[in-house]
file data_4.csv (CSV, C-alpha atoms and all ligand atoms)
chain,number,residue,atom,x,y,z
A,1,MET,CA,64.1,-72.9,-21.8
A,2,SER,CA,62.6,-69.5,-22.7
A,3,LYS,CA,64.0,-67.6,-25.6
A,4,VAL,CA,65.0,-63.9,-25.7
A,5,THR,CA,66.1,-62.0,-28.8
A,6,ILE,CA,68.2,-58.9,-28.5
A,7,ILE,CA,68.2,-56.7,-31.6
A,8,GLY,CA,71.3,-54.5,-31.7
A,9,ALA,CA,74.3,-56.2,-30.3
A,10,GLY,CA,76.2,-53.0,-29.6
A,11,GLN,CA,77.1,-51.7,-26.1
A,12,THR,CA,73.7,-52.0,-24.5
A,13,GLY,CA,72.5,-55.1,-26.4
A,14,ALA,CA,75.6,-57.1,-25.7
A,15,THR,CA,75.7,-56.0,-22.0
A,16,THR,CA,72.1,-57.0,-21.6
A,17,ALA,CA,73.0,-60.5,-23.0
A,18,HIS,CA,75.8,-60.6,-20.5
A,19,TRP,CA,73.6,-59.8,-17.5
A,20,LEU,CA,70.9,-62.3,-18.7
A,21,ALA,CA,73.2,-65.1,-19.6
A,22,GLU,CA,74.6,-65.1,-16.0
A,23,ARG,CA,71.0,-65.4,-14.7
A,24,GLU,CA,70.4,-68.5,-16.8
A,25,LEU,CA,66.9,-67.3,-17.6
A,26,ALA,CA,66.7,-68.0,-21.3
A,27,ASP,CA,68.5,-68.9,-24.5
A,28,LEU,CA,69.6,-65.7,-26.2
A,29,VAL,CA,69.8,-64.6,-29.8
A,30,LEU,CA,71.8,-61.5,-30.7
A,31,VAL,CA,70.9,-59.7,-34.0
A,32,ASP,CA,72.9,-56.9,-35.6
A,33,ILE,CA,73.6,-55.6,-39.1
A,34,VAL,CA,77.3,-55.6,-38.6
A,35,GLU,CA,78.6,-58.9,-40.1
A,36,GLY,CA,80.4,-61.2,-37.7
A,37,MET,CA,80.0,-59.0,-34.7
A,38,PRO,CA,76.8,-60.6,-33.1
A,39,GLN,CA,78.3,-64.1,-34.0
A,40,GLY,CA,81.6,-63.2,-32.3
A,41,LYS,CA,80.0,-61.7,-29.2
A,42,ALA,CA,77.6,-64.7,-28.9
A,43,LEU,CA,80.5,-67.2,-29.2
A,44,ASP,CA,82.6,-65.2,-26.7
A,45,LEU,CA,79.6,-65.3,-24.2
A,46,MET,CA,79.1,-69.1,-24.8
A,47,GLU,CA,82.8,-69.6,-24.0
A,48,ALA,CA,82.3,-67.7,-20.7
A,49,MET,CA,79.4,-69.9,-19.6
A,50,PRO,CA,81.5,-72.9,-18.4
A,51,VAL,CA,83.3,-70.4,-16.0
A,52,ILE,CA,80.0,-68.8,-14.9
A,53,GLY,CA,78.2,-72.2,-14.7
A,54,SER,CA,75.2,-71.3,-16.9
A,55,ASP,CA,73.8,-73.6,-19.5
A,56,VAL,CA,72.1,-71.1,-21.8
A,57,LYS,CA,72.7,-71.1,-25.5
A,58,VAL,CA,73.8,-67.8,-27.1
A,59,THR,CA,73.5,-67.4,-30.9
A,60,GLY,CA,74.5,-64.4,-33.0
A,61,SER,CA,73.0,-63.6,-36.4
A,62,ASN,CA,72.6,-60.9,-39.1
A,63,GLY,CA,69.1,-62.2,-39.9
A,64,TYR,CA,65.9,-63.1,-38.1
A,65,GLU,CA,65.4,-66.8,-38.8
A,66,GLU,CA,67.3,-67.8,-35.6
A,67,THR,CA,65.0,-65.5,-33.6
A,68,ALA,CA,61.9,-67.7,-34.3
A,69,ASP,CA,59.5,-68.2,-31.4
A,70,SER,CA,61.1,-65.8,-29.0
A,71,ASP,CA,59.2,-65.1,-25.8
A,72,ILE,CA,60.7,-61.6,-25.6
A,73,VAL,CA,62.3,-59.3,-28.1
A,74,VAL,CA,64.5,-56.5,-26.7
A,75,LEU,CA,65.1,-53.7,-29.1
A,76,THR,CA,68.4,-51.8,-28.6
A,77,ALA,CA,69.2,-51.2,-32.3
A,78,GLY,CA,69.8,-47.6,-33.2
A,79,LEU,CA,72.2,-44.7,-33.0
A,80,PRO,CA,73.3,-43.6,-29.6
A,81,ARG,CA,73.9,-39.9,-28.6
A,82,LYS,CA,77.1,-38.0,-29.1
A,83,PRO,CA,78.0,-35.0,-26.9
A,84,GLY,CA,75.7,-32.1,-27.4
A,85,MET,CA,72.9,-34.2,-28.9
A,86,SER,CA,69.5,-34.6,-27.3
A,87,ARG,CA,67.6,-37.9,-27.5
A,88,ASP,CA,65.2,-36.3,-29.9
A,89,ASP,CA,68.0,-35.6,-32.3
A,90,LEU,CA,68.0,-39.4,-33.0
A,91,LEU,CA,64.4,-39.5,-34.2
A,92,ALA,CA,64.8,-39.7,-38.0
A,93,ALA,CA,67.7,-42.2,-38.1
A,94,ASN,CA,66.2,-44.5,-35.4
A,95,THR,CA,62.7,-44.5,-36.9
A,96,LYS,CA,63.9,-46.4,-39.9
A,97,ILE,CA,65.8,-48.9,-37.8
A,98,VAL,CA,63.0,-49.5,-35.3
A,99,ARG,CA,60.4,-50.0,-38.1
A,100,THR,CA,62.5,-52.6,-39.9
A,101,ALA,CA,63.5,-54.4,-36.7
A,102,VAL,CA,59.9,-54.7,-35.4
A,103,GLU,CA,58.5,-55.9,-38.8
A,104,ASN,CA,61.2,-58.6,-39.1
A,105,ALA,CA,61.0,-59.8,-35.5
A,106,LEU,CA,57.2,-60.1,-35.6
A,107,LYS,CA,57.4,-62.3,-38.8
A,108,TYR,CA,59.2,-64.9,-36.8
A,109,SER,CA,57.8,-64.3,-33.3
A,110,PRO,CA,54.2,-63.2,-33.7
A,111,GLU,CA,53.5,-63.7,-30.0
A,112,ALA,CA,56.6,-62.0,-28.5
A,113,ILE,CA,56.5,-59.3,-25.9
A,114,PHE,CA,58.6,-56.3,-27.0
A,115,ILE,CA,60.8,-54.2,-24.7
A,116,ILE,CA,62.1,-51.1,-26.3
A,117,LEU,CA,65.3,-49.2,-25.4
A,118,THR,CA,66.1,-47.2,-28.6
A,119,ASN,CA,65.8,-43.4,-28.2
A,120,PRO,CA,63.9,-41.2,-28.2
A,121,LEU,CA,62.4,-43.9,-26.0
A,122,ASP,CA,58.7,-43.0,-25.6
A,123,VAL,CA,58.3,-42.1,-29.2
A,124,MET,CA,60.2,-45.2,-30.5
A,125,SER,CA,57.9,-47.4,-28.3
A,126,TYR,CA,54.9,-45.6,-29.8
A,127,LEU,CA,56.2,-46.3,-33.3
A,128,ALA,CA,56.9,-49.9,-32.6
A,129,MET,CA,53.4,-50.4,-31.2
A,130,LYS,CA,51.8,-48.9,-34.3
A,131,VAL,CA,54.1,-50.7,-36.8
A,132,GLY,CA,53.6,-54.0,-35.1
A,133,ASN,CA,49.9,-53.4,-34.3
A,134,LEU,CA,50.6,-54.7,-30.8
A,135,PRO,CA,48.2,-54.6,-27.8
A,136,ARG,CA,49.6,-52.4,-25.1
A,137,GLU,CA,50.3,-55.5,-22.8
A,138,ARG,CA,53.0,-56.7,-25.2
A,139,ILE,CA,55.1,-53.5,-25.5
A,140,ILE,CA,56.9,-51.7,-22.8
A,141,GLY,CA,59.7,-49.1,-23.0
A,142,GLN,CA,62.7,-49.1,-20.6
A,143,ALA,CA,63.5,-45.7,-19.1
A,144,GLY,CA,62.1,-45.4,-15.6
A,145,ILE,CA,64.2,-48.2,-14.0
A,146,LEU,CA,67.3,-46.5,-15.3
A,147,ASP,CA,66.3,-42.9,-14.4
A,148,SER,CA,65.2,-44.1,-10.9
A,149,ALA,CA,68.4,-46.1,-10.5
A,150,ARG,CA,70.5,-43.1,-11.2
A,151,MET,CA,68.6,-41.1,-8.6
A,152,ARG,CA,69.0,-44.1,-6.1
A,153,ALA,CA,72.7,-44.2,-6.8
A,154,PHE,CA,73.1,-40.5,-6.2
A,155,VAL,CA,71.1,-40.6,-2.9
A,156,ALA,CA,73.1,-43.7,-1.7
A,157,MET,CA,76.4,-41.9,-2.5
A,158,GLU,CA,75.3,-38.8,-0.7
A,159,LEU,CA,74.0,-40.5,2.5
A,160,GLY,CA,76.5,-43.4,2.6
A,161,VAL,CA,73.7,-46.0,2.8
A,162,SER,CA,73.1,-49.2,0.9
A,163,VAL,CA,71.5,-48.8,-2.5
A,164,GLN,CA,69.1,-51.5,-1.3
A,165,ASN,CA,67.6,-49.0,1.2
A,166,VAL,CA,67.0,-46.3,-1.3
A,167,HIS,CA,63.7,-46.2,-3.2
A,168,CYS,CA,63.2,-43.5,-5.8
A,169,TYR,CA,60.6,-43.1,-8.5
A,170,VAL,CA,61.2,-41.1,-11.6
A,171,LEU,CA,58.2,-40.8,-13.9
A,172,GLY,CA,57.3,-39.0,-17.2
A,173,GLY,CA,59.0,-38.9,-20.5
A,174,HIS,CA,62.7,-40.1,-20.9
A,175,GLY,CA,64.2,-36.6,-21.4
A,176,ASP,CA,65.1,-33.4,-19.6
A,177,ASN,CA,61.5,-33.0,-18.5
A,178,MET,CA,61.4,-36.3,-16.6
A,179,VAL,CA,59.7,-36.0,-13.2
A,180,PRO,CA,61.7,-37.3,-10.1
A,181,LEU,CA,59.0,-37.8,-7.5
A,182,THR,CA,60.9,-36.7,-4.4
A,183,ARG,CA,57.7,-36.8,-2.2
A,184,HIS,CA,57.3,-40.6,-2.9
A,185,SER,CA,61.0,-41.5,-2.6
A,186,ASN,CA,62.4,-42.8,0.7
A,187,VAL,CA,65.4,-44.3,2.5
A,188,ALA,CA,64.3,-47.4,4.4
A,189,GLY,CA,60.8,-45.9,4.7
A,190,VAL,CA,61.9,-42.4,5.8
A,191,PRO,CA,60.8,-39.8,3.2
A,192,LEU,CA,63.7,-38.4,1.2
A,193,VAL,CA,62.6,-34.9,2.0
A,194,ASP,CA,63.3,-35.6,5.7
A,195,MET,CA,66.7,-37.0,5.0
A,196,LEU,CA,68.3,-34.3,2.8
A,197,PRO,CA,68.3,-30.5,2.9
A,198,PRO,CA,66.3,-28.9,0.0
A,199,ASP,CA,69.4,-27.7,-1.9
A,200,ARG,CA,71.1,-31.2,-1.8
A,201,LEU,CA,67.8,-32.8,-2.9
A,202,GLU,CA,67.4,-30.3,-5.7
A,203,ALA,CA,71.0,-31.0,-6.8
A,204,ILE,CA,70.3,-34.7,-6.9
A,205,VAL,CA,67.1,-34.2,-8.9
A,206,GLU,CA,69.0,-32.1,-11.5
A,207,ARG,CA,71.8,-34.6,-11.8
A,208,THR,CA,69.2,-37.3,-12.3
A,209,ARG,CA,67.5,-35.4,-15.1
A,210,LYS,CA,70.9,-34.9,-16.8
A,211,GLY,CA,72.2,-38.3,-15.8
A,212,GLY,CA,72.4,-39.7,-19.4
A,213,GLY,CA,74.0,-36.5,-20.7
A,214,GLU,CA,76.7,-36.7,-17.9
A,215,ILE,CA,77.8,-40.1,-19.2
A,216,VAL,CA,77.7,-39.1,-22.8
A,217,GLY,CA,79.9,-36.1,-21.9
A,218,LEU,CA,82.4,-38.4,-20.2
A,219,LEU,CA,82.4,-41.3,-22.8
A,220,LYS,CA,82.3,-39.0,-25.8
A,221,THR,CA,81.9,-41.9,-28.2
A,222,GLY,CA,78.4,-43.2,-27.1
A,223,SER,CA,75.9,-43.3,-24.3
A,224,ALA,CA,75.5,-45.2,-21.1
A,225,PHE,CA,75.1,-49.0,-21.4
A,226,TYR,CA,75.8,-50.8,-18.1
A,227,ALA,CA,72.8,-49.3,-16.2
A,228,PRO,CA,70.4,-49.4,-19.2
A,229,ALA,CA,71.3,-53.0,-19.8
A,230,ALA,CA,70.8,-53.9,-16.1
A,231,ALA,CA,67.4,-52.3,-16.3
A,232,LEU,CA,66.5,-54.3,-19.4
A,233,ALA,CA,67.6,-57.5,-17.7
A,234,GLN,CA,65.4,-56.7,-14.7
A,235,MET,CA,62.4,-56.3,-17.0
A,236,VAL,CA,63.1,-59.5,-18.9
A,237,GLU,CA,63.4,-61.4,-15.6
A,238,ALA,CA,60.2,-59.9,-14.2
A,239,ILE,CA,58.3,-61.0,-17.3
A,240,LEU,CA,59.8,-64.5,-17.7
A,241,LEU,CA,59.5,-65.3,-14.0
A,242,ASP,CA,56.0,-63.8,-13.8
A,243,ARG,CA,57.0,-61.8,-10.8
A,244,HIS,CA,54.2,-59.2,-10.9
A,245,LEU,CA,57.0,-56.7,-10.2
A,246,VAL,CA,56.2,-53.0,-10.0
A,247,VAL,CA,58.8,-50.9,-11.8
A,248,PRO,CA,58.7,-47.5,-13.5
A,249,ALA,CA,58.6,-48.0,-17.3
A,250,SER,CA,57.2,-46.5,-20.4
A,251,ALA,CA,53.6,-47.7,-21.1
A,252,TYR,CA,50.9,-46.8,-23.5
A,253,LEU,CA,48.4,-44.8,-21.5
A,254,GLU,CA,44.7,-45.0,-21.9
A,255,GLY,CA,43.6,-42.3,-19.5
A,256,GLU,CA,45.9,-43.1,-16.6
A,257,TYR,CA,47.5,-39.9,-15.1
A,258,GLY,CA,45.1,-37.9,-17.3
A,259,GLN,CA,47.0,-39.0,-20.5
A,260,GLU,CA,45.9,-40.9,-23.5
A,261,GLY,CA,47.5,-42.2,-26.6
A,262,ILE,CA,51.2,-41.7,-25.7
A,263,PHE,CA,53.9,-43.9,-24.2
A,264,PHE,CA,54.9,-42.4,-20.9
A,265,GLY,CA,56.9,-43.3,-17.8
A,266,VAL,CA,54.6,-44.6,-15.0
A,267,PRO,CA,54.8,-47.4,-12.4
A,268,VAL,CA,53.7,-50.6,-14.1
A,269,GLN,CA,53.3,-54.2,-12.9
A,270,LEU,CA,55.1,-56.7,-15.1
A,271,GLY,CA,54.4,-60.4,-15.3
A,272,ARG,CA,54.3,-63.3,-17.9
A,273,GLY,CA,51.7,-61.5,-20.0
A,274,GLY,CA,53.9,-58.3,-20.1
A,275,LEU,CA,52.2,-55.2,-18.8
A,276,GLU,CA,49.6,-56.3,-16.2
A,277,LYS,CA,48.7,-53.0,-14.7
A,278,VAL,CA,49.5,-49.3,-14.6
A,279,ILE,CA,49.7,-48.2,-10.9
A,280,GLU,CA,48.5,-44.7,-10.2
A,281,TYR,CA,50.0,-42.5,-7.5
A,282,LYS,CA,47.9,-39.7,-5.9
A,283,LEU,CA,49.8,-36.7,-7.2
A,284,ASN,CA,49.6,-33.1,-6.0
A,285,ASP,CA,49.0,-30.2,-8.4
A,286,GLU,CA,52.7,-29.4,-8.8
A,287,GLU,CA,53.6,-33.0,-9.6
A,288,GLN,CA,50.6,-33.3,-12.1
A,289,ALA,CA,51.7,-30.1,-13.8
A,290,ALA,CA,55.3,-31.4,-14.1
A,291,LEU,CA,54.0,-34.6,-15.7
A,292,GLN,CA,51.7,-32.7,-18.0
A,293,LYS,CA,54.7,-30.6,-19.3
A,294,SER,CA,56.6,-33.8,-19.9
A,295,ALA,CA,53.6,-35.4,-21.7
A,296,ASP,CA,53.3,-32.4,-23.9
A,297,HIS,CA,56.9,-32.8,-25.0
A,298,VAL,CA,56.4,-36.5,-25.8
A,299,ARG,CA,53.3,-35.5,-27.9
A,300,GLN,CA,55.2,-32.9,-29.8
A,301,THR,CA,57.9,-35.4,-30.7
A,302,ILE,CA,55.3,-38.0,-31.8
A,303,LYS,CA,54.0,-35.3,-34.3
A,304,LYS,CA,57.4,-35.3,-35.9
A,305,LEU,CA,57.2,-39.1,-36.5
A,306,ASP,CA,57.0,-40.1,-40.1
A,307,ILE,CA,54.4,-42.9,-39.9
B,401,LIG,N1,69.2,-53.9,-37.2
B,401,LIG,C1,70.0,-54.4,-36.2
B,401,LIG,N2,71.0,-53.7,-35.6
B,401,LIG,C2,71.2,-52.5,-36.0
B,401,LIG,C3,70.4,-51.8,-37.0
B,401,LIG,C4,69.4,-52.6,-37.6
B,401,LIG,N3,68.7,-52.1,-38.6
B,401,LIG,N4,70.9,-50.6,-37.1
B,401,LIG,C5,71.9,-50.4,-36.2
B,401,LIG,N5,72.1,-51.5,-35.5
B,401,LIG,C6,73.0,-51.8,-34.4
B,401,LIG,C7,74.4,-51.2,-34.7
B,401,LIG,O1,75.1,-51.9,-35.6
B,401,LIG,C8,75.0,-51.3,-33.3
B,401,LIG,O2,75.7,-52.4,-33.1
B,401,LIG,O3,72.6,-51.3,-33.2
B,401,LIG,C9,73.7,-51.3,-32.4
B,401,LIG,C10,73.6,-50.1,-31.4
B,401,LIG,O4,74.7,-50.2,-30.5
B,401,LIG,P1,75.6,-49.0,-30.0
B,401,LIG,O5,75.9,-48.2,-31.2
B,401,LIG,O6,76.7,-49.5,-29.2
B,401,LIG,O7,74.5,-48.1,-29.2
B,401,LIG,P2,74.0,-48.4,-27.7
B,401,LIG,O8,74.8,-47.6,-26.7
B,401,LIG,O9,73.8,-49.8,-27.4
B,401,LIG,O10,72.6,-47.7,-27.8
B,401,LIG,C11,71.5,-48.2,-28.5
B,401,LIG,O11,69.9,-47.3,-27.0
B,401,LIG,O12,70.2,-45.8,-25.3
B,401,LIG,C12,69.7,-46.0,-26.6
B,401,LIG,O13,70.1,-43.9,-27.6
B,401,LIG,C13,70.5,-45.2,-27.6
B,401,LIG,O14,69.1,-45.6,-29.4
B,401,LIG,C14,70.3,-45.9,-28.8
B,401,LIG,C15,70.3,-47.4,-28.4

call {"tool": "encode", "arguments": {"input": "data_4.csv", "output": "structure tokens"}}
result
Amino acid sequence: MSKVTIIGAGQTGATTAHWLAERELADLVLVDIVEGMPQGKALDLMEAMPVIGSDVKVTGSNGYEETADSDIVVLTAGLPRKPGMSRDDLLAANTKIVRTAVENALKYSPEAIFIILTNPLDVMSYLAMKVGNLPRERIIGQAGILDSARMRAFVAMELGVSVQNVHCYVLGGHGDNMVPLTRHSNVAGVPLVDMLPPDRLEAIVERTRKGGGEIVGLLKTGSAFYAPAAALAQMVEAILLDRHLVVPASAYLEGEYGQEGIFFGVPVQLGRGGLEKVIEYKLNDEEQAALQKSADHVRQTIKKLDI
């Protein structure tokens, strides 16, 4: 059985464990600094497995010994947003948490592939790569599946079609400058621009950009976790099952899309080795300019990093 460690057993970490345990893909280890909490959630999940019919082992811990030899480490530890906060406001607090978590996890699982969720996502992925001295194949950030799923959900609601028919692609940094690619999005092969009037499409694009903030505003005590966790589970599955699945995710770019030296949301192919390939769309000038603006923002935030 493969082994997946989830660091941060809060809302997103625990929900990721839930989605993954149901799929019977790997034994799971939940790590958190809160005493008893990861152990309690792990035991609760173990007690759900007879009902679900899954034979995975779930362990909770406040340390890293139990994480030894993990195939994948998912990092969700960190502070979530409160109403009025931007993802960048989390930078200082989450820098310390990510640094410690990556150093500790690597001591016990030197070959693991890392999937990062902690915000500000593109910058925390960059930090984790530098701290862990990881090759880009072994570190990917989750943002694009979530942002694209939000757009897909809004389109499906608007048109009354199955979510399975809706394909949307949101690229760029995980923030207000993200770039929903309407020209490349479609419903059962029909371009989105032919399915929706421009004002409705623009409204969906705007709602997608602010999708995380909409949930923060409603919850008031934290940020979204069901959809982020579902996205993490999809990435874990794609890697463990060597699916060669193409999904939007944050990857370290080495010239693709005209960008170098930053983590940035692009379509990537995921398989057993982690990041197998960055897929490049042919973009028009307007799309390229929107991506450039988003990349500039990620670069500015990296400059604020204390490493
Ligand atoms: N090591 C392990 N766990 C930690 C550490 C640490 N050093 N510091 C904090 N944690 C744990 C907290 O105890 C908490 O249980 O991380 C968990 C985070 O869970 P939540 O507060 O429920 O936050 P969540 O909604 O899951 O979001 C986590 O993902 O979307 C991003 O911006 C969000 O950065 C945030 C992260």

call {"tool": "residues_near_ligand", "arguments": {"input": "data_4.csv", "ligand": "ligand LIG 401 (chain B)", "cutoff": "6 Å", "atoms": "all atoms listed in the file", "output": "PyMOL selection string"}}
result
chain A and resi 7-13+31-34+76-81+97+101+117-119+222-223+225

call {"tool": "closest_residue", "arguments": {"input": "data_4.csv", "among": "A:Val4, A:Val193, A:Val247, A:Leu270", "to": "Ala68 in chain A", "atoms": "only C-alpha atoms"}}
result
A:Val4

call {"tool": "residues_around", "arguments": {"input": "data_4.csv", "residues": "range 152-161 of chain A", "least_positions_apart": "3", "cutoff": "9 Å", "atoms": "all atoms listed in the file", "output": "list in words"}}
result
Asp147, Ser148, Ala149, Gln164, Asn165, Val166, His167, Cys168, Tyr169, Val187, Leu192, Met195, Leu196, Arg200, Leu201, Ile204, Arg207 and Thr208 of chain A

call {"tool": "atom_distance", "arguments": {"input": "data_4.csv", "atom1": "CA of Thr301 in chain A", "atom2": "CA of Pro120 in chain A"}}
result
8.7 Å

call {"tool": "closest_residue", "arguments": {"input": "data_4.csv", "among": "A:Gly258, A:Gly189, A:Gly213, A:Gly141", "to": "Pro83 in chain A", "atoms": "only C-alpha atoms"}}
result
A:Gly213

call {"tool": "closest_residue", "arguments": {"input": "data_4.csv", "among": "A:Ala42, A:Ile52, A:Ala295, A:Ala251", "to": "Leu28 in chain A", "atoms": "only C-alpha atoms"}}
result
A:Ala42

call {"tool": "atom_distance", "arguments": {"input": "data_4.csv", "atom1": "CA of Ala188 in chain A", "atom2": "CA of Ile140 in chain A"}}
result
28.5 Å

call {"tool": "atom_distance", "arguments": {"input": "data_4.csv", "atom1": "CA of Leu43 in chain A", "atom2": "CA of Glu24 in chain A"}}
result
16.0 Å

call {"tool": "residues_around", "arguments": {"input": "data_4.csv", "residues": "range 262-266 of chain A", "least_positions_apart": "3", "cutoff": "6 Å", "atoms": "all atoms listed in the file", "output": "PyMOL selection string"}}
result
chain A and resi 122+126+171-173+248-253

call {"tool": "closest_residue", "arguments": {"input": "data_4.csv", "among": "A:Val216, A:Val278, A:Val236, A:Leu241", "to": "Ile113 in chain A", "atoms": "all atoms listed in the file"}}
result
A:Val236

call {"tool": "residues_around", "arguments": {"input": "data_4.csv", "residues": "Glu276 in chain A", "least_positions_apart": "6", "cutoff": "10 Å", "atoms": "only C-alpha atoms", "output": "mmCIF file with C-alpha atoms, keeping the file's coordinate frame"}}
result
data_model
loop_
_atom_site.group_PDB
_atom_site.id
_atom_site.type_symbol
_atom_site.label_atom_id
_atom_site.label_comp_id
_atom_site.auth_asym_id
_atom_site.auth_seq_id
_atom_site.Cartn_x
_atom_site.Cartn_y
_atom_site.Cartn_z
ATOM 1 C CA ARG A 136 49.600 -52.400 -25.100
ATOM 2 C CA GLU A 137 50.300 -55.500 -22.800
ATOM 3 C CA ARG A 138 53.000 -56.700 -25.200
ATOM 4 C CA ILE A 239 58.300 -61.000 -17.300
ATOM 5 C CA HIS A 244 54.200 -59.200 -10.900
ATOM 6 C CA LEU A 245 57.000 -56.700 -10.200
ATOM 7 C CA VAL A 246 56.200 -53.000 -10.000
ATOM 8 C CA VAL A 268 53.700 -50.600 -14.100
ATOM 9 C CA GLN A 269 53.300 -54.200 -12.900
ATOM 10 C CA LEU A 270 55.100 -56.700 -15.100
#

call {"tool": "closest_residue", "arguments": {"input": "data_4.csv", "among": "A:Val51, A:Ile116, A:Val179, A:Met37", "to": "Glu286 in chain A", "atoms": "only C-alpha atoms"}}
result
A:Val179

call {"tool": "residues_near_point", "arguments": {"input": "data_4.csv", "point": "(58.6, -38.9, -0.1)", "cutoff": "7 Å", "atoms": "all atoms listed in the file", "output": "PyMOL selection string"}}
result
chain A and resi 182-186+191-193

call {"tool": "closest_residue", "arguments": {"input": "data_4.csv", "among": "A:Leu218, A:Leu240, A:Ala93, A:Val190", "to": "Ala26 in chain A", "atoms": "all atoms listed in the file"}}
result
A:Leu240

call {"tool": "residues_near_point", "arguments": {"input": "data_4.csv", "point": "(62.8, -56.1, -26.3)", "cutoff": "7 Å", "atoms": "all atoms listed in the file", "output": "PDB file with C-alpha atoms, in the coordinates of the input"}}
result
ATOM      1  CA  ILE A   6      68.200 -58.900 -28.500  1.00  0.00           C
ATOM      2  CA  ILE A  72      60.700 -61.600 -25.600  1.00  0.00           C
ATOM      3  CA  VAL A  73      62.300 -59.300 -28.100  1.00  0.00           C
ATOM      4  CA  VAL A  74      64.500 -56.500 -26.700  1.00  0.00           C
ATOM      5  CA  LEU A  75      65.100 -53.700 -29.100  1.00  0.00           C
ATOM      6  CA  PHE A 114      58.600 -56.300 -27.000  1.00  0.00           C
ATOM      7  CA  ILE A 115      60.800 -54.200 -24.700  1.00  0.00           C
ATOM      8  CA  ILE A 116      62.100 -51.100 -26.300  1.00  0.00           C
TER       9      ILE A 116
END

call {"tool": "residues_around", "arguments": {"input": "data_4.csv", "residues": "Lys96 in chain A", "least_positions_apart": "6", "cutoff": "12 Å", "atoms": "only C-alpha atoms", "output": "PyMOL selection string"}}
result
chain A and resi 77-79+90+102-103+118+124+127-128+131+305-307

call {"tool": "residues_around", "arguments": {"input": "data_4.csv", "residues": "Ala227 in chain A", "least_positions_apart": "2", "cutoff": "9 Å", "atoms": "only C-alpha atoms", "output": "list of chain:residue names"}}
result
A:Thr12, A:Ile145, A:Leu146, A:Ala149, A:Arg150, A:Ala224, A:Phe225, A:Ala229, A:Ala230, A:Ala231, A:Leu232

call {"tool": "decode", "arguments": {"input": "data_4.csv", "residues": "range 65-92 of chain A", "atoms": "C-alpha atoms", "output": "short mmCIF file (atom, residue, chain, number, x, y, z; two decimals), in the first residue's frame"}}
result
data_model
loop_
_atom_site.label_atom_id
_atom_site.label_comp_id
_atom_site.auth_asym_id
_atom_site.auth_seq_id
_atom_site.Cartn_x
_atom_site.Cartn_y
_atom_site.Cartn_z
CA GLU A 65 8.37 9.58 12.85
CA GLU A 66 5.12 7.96 11.74
CA THR A 67 5.39 9.70 8.36
CA ALA A 68 8.55 7.77 7.38
CA ASP A 69 8.76 6.60 3.77
CA SER A 70 5.72 8.46 2.52
CA ASP A 71 5.25 8.48 -1.23
CA ILE A 72 3.46 11.83 -1.13
CA VAL A 73 3.40 14.63 1.44
CA VAL A 74 0.44 17.01 1.24
CA LEU A 75 1.00 20.30 3.04
CA THR A 76 -2.08 22.09 4.34
CA ALA A 77 -0.61 23.39 7.63
CA GLY A 78 -1.02 27.11 8.07
CA LEU A 79 -3.42 29.88 8.90
CA PRO A 80 -6.51 30.29 6.71
CA ARG A 81 -7.97 33.67 5.73
CA LYS A 82 -10.50 35.62 7.76
CA PRO A 83 -12.98 38.04 6.14
CA GLY A 84 -11.20 41.05 4.61
CA MET A 85 -7.82 39.29 4.36
CA SER A 86 -6.02 38.57 1.09
CA ARG A 87 -4.05 35.36 0.65
CA ASP A 88 -0.86 37.45 0.71
CA ASP A 89 -1.69 38.63 4.24
CA LEU A 90 -0.83 35.10 5.40
CA LEU A 91 2.74 35.28 4.12
CA ALA A 92 4.73 35.86 7.32
#
